[in-house]
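These notes concern the structure reproduced below.
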Amino acid sequence: WNYNRSSLGGPDKWSVEYPDCGGVMQSPISISTEDALYDPKLSYFNLTNYNMTSGVNMTLVNKGGHTAEVLYSGSDVLLSGGNLPDTYKLVQFHFHWGGKDSNGSEHLIDGKYFPMEVSFEPNKDNSTEIKTFPLLDLLPGNTDRLDFYRYDGSLTTPPCYESVIWSLATEYIQISEYQLNIFRNLYNEEHQHLVDDFRPVQELHKRTVTTTKSKPTQAPLTTGNSNNSATWIQGYLVNVCICLMTVLYKFV
């Protein structure tokens with residue numbers, strides 16, 4: 001399988017070999033901030049050790065030419081709360097980006113793409129050890145009260161299992177043009193630039209998107225540079241999401 005829309009192995013053909021990719025609870029989706037329903041019972045996340053830099057290792061992996069993935073090991077980075085059924089341990093996060101600034105993210109907000117999306121997954125070689133940094137730098141705003149959208153969906157790559165709880169932050173982080181171009185200069189297995197590694201949005205069908213925000217608001221969207229500051233990356237807006245496989249990757 002691949003992300004080439006015109007290829008026989010492209011996203012529109014995934015369901016031929018992977019039937020779940022043709023299901024009715026597929027991801028990603030386009031989230032309407034106006035239609036997202038406020039859920040007063042939806043609690044905030046509890047983040048443990050997301051500020052750790054010592055005693056941890058980060059390894060950058062070219063994941064089969066499909067994405068850039070960072071493997072995390074060392075101190076346990078735990079996620080709980082958010083009405084999740086258990087406590088989850090982070091072992092990797094990865095990125096989706098476009099070849100141009102007008103797209104790159106998998107999820108859309110009010111029909112608009114972002115140049116990049118970062119996805120945290122409790123998911124348990126072409127690798128390079130990289131300098132560690134606090135994972136809080138990849139999370140927007142006040143992490144004690146991290147507002148998010150919630151819906152039930154799937155993996156965004158084959159086999160597209162429909163057992164994922166998606167949580168998308170309502171705010172965004174930023175990345176500079178220089179840093180974004182570093183991703184765009186990675187290569188896939190065919191020695192072509194690794195760009196546009198995102199699946200087209202899928203139908204919402206009868207699913208409901210809920211949110212922790214009583215009055216959902218959206219930060220200004222832009223495809224150009226921003227003068228706003230951020231702790232680690234700044235410039236272009238980046239969508240942030242947490243993807244939890246509730247069956248395969250539960251941490252006990």
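By convention here, the chains of the structure tokens are called A, B, ... in the order presented, each chain's residues are numbered starting at 1, and ligands are numbered starting at 1 in the order presented.
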Exercise for the section: Could you please write out, as a VMD selection string, every residue of range 46-201 of chain A that DSSP assigns to strand (DSSP E or B)? Expected result: chain A and resid 46 to 48 56 to 63 67 to 74 78 to 81 87 to 89 92 to 97 108 to 109 112 116 to 121 127 to 130 148 to 153 164 to 169 173 to 175 187 193
Where does range 97-126 of chain A meet range 36-55 of chain A within 12 Å, residue by residue, with the nearest atom pair and distance in Å to one decimal for each, counting only C-alpha atoms, listed by chain and rising number, as JSON lines?
{"residue": "A:Ile109", "atom": "CA", "partner": "A:Ala36", "partner_atom": "CA", "distance": 10.9}
{"residue": "A:Asp110", "atom": "CA", "partner": "A:Ala36", "partner_atom": "CA", "distance": 10.6}
{"residue": "A:Phe120", "atom": "CA", "partner": "A:Tyr50", "partner_atom": "CA", "distance": 11.8}
Could the residues in this selection be saved with N, CA and C atoms as a tab-separated table (two decimals), in the first residue's frame?
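result04.tsv was written with the following content:
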chain	number	residue	atom	x	y	z
A	109	ILE	N	-9.88	20.62	10.14
A	109	ILE	CA	-10.71	21.37	11.07
A	109	ILE	C	-11.49	22.40	10.27
A	110	ASP	N	-12.80	22.27	10.29
A	110	ASP	CA	-13.67	23.14	9.49
A	110	ASP	C	-13.25	23.15	8.03
A	120	PHE	N	0.44	11.02	18.60
A	120	PHE	CA	0.99	10.22	19.69
A	120	PHE	C	0.24	8.90	19.75
Residues near Tyr72 in chain A, cut-off 7 Å, only C-alpha atoms, skip fewer than 4 positions along chain, as an mmCIF file with N, CA and C atoms, in the first residue's frame:
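As a result, result.cif now contains:
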data_model
loop_
_atom_site.group_PDB
_atom_site.id
_atom_site.type_symbol
_atom_site.label_atom_id
_atom_site.label_comp_id
_atom_site.auth_asym_id
_atom_site.auth_seq_id
_atom_site.Cartn_x
_atom_site.Cartn_y
_atom_site.Cartn_z
ATOM 1 N N ASN A 57 15.428 7.808 25.906
ATOM 2 C CA ASN A 57 16.046 7.754 24.584
ATOM 3 C C ASN A 57 14.986 7.988 23.521
ATOM 4 N N MET A 58 15.354 8.734 22.489
ATOM 5 C CA MET A 58 14.476 8.948 21.347
ATOM 6 C C MET A 58 15.207 8.517 20.086
ATOM 7 N N THR A 59 14.558 7.704 19.277
ATOM 8 C CA THR A 59 15.161 7.192 18.055
ATOM 9 C C THR A 59 14.261 7.513 16.873
ATOM 10 N N VAL A 91 5.039 4.898 23.542
ATOM 11 C CA VAL A 91 6.320 4.378 23.070
ATOM 12 C C VAL A 91 6.694 4.936 21.706
ATOM 13 N N GLN A 92 5.779 5.678 21.048
ATOM 14 C CA GLN A 92 6.142 6.283 19.769
ATOM 15 C C GLN A 92 5.209 7.425 19.421
#
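Using only C-alpha atoms, the contacts of His66 in chain A at a cut-off of 10 Å, with sequence neighbours closer than 5 positions omitted, comprise Trp1, Asn2, Tyr3, Phe95, His96, Thr157, Tyr187, Asn188, Glu189, Leu194, Val195, Asp196, Asp197 and Phe198 of chain A.
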Practice task
May I ask for the distance between CA of Cys241 in chain A and CA of Val24 in chain A, given in Å to one decimal place?
Solution key: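 Result for CA of Cys241 in chain A versus CA of Val24 in chain A: 20.6 Å, one decimal.
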Exercise for the section: Quick one: pull the distance between CA of Trp97 in chain A and CA of Pro115 in chain A, Å, one decimal. Expected result: 5.8 Å
Exercise for the section: Could you please determine the separation between CA of Glu69 in chain A and CA of Glu121 in chain A in Å, to one decimal place? Expected result: 10.3 Å
Handout entry: Exercise: Gln202 in chain A partners within 8 Å, only C-alpha atoms, chain neighbours under 6 positions left out, as a list in words
Key =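 Counting only C-alpha atoms, the residues come to Gln26, Ser27, Pro28, Ile29 and Ser30 of chain A.
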Exercise for the section: Step one, run DSSP on the backbone; step two, keep only residues of range 124-216 of chain A assigned to alpha helix (DSSP H); then write them as a PyMOL selection string. Expected result: chain A and resi 177-184
Completion exercise
Restricting to only C-alpha atoms, whichever of A:Gly153, A:Arg5, A:Pro159, A:Ile242 is closest to Leu139 in chain A is A:Ile242
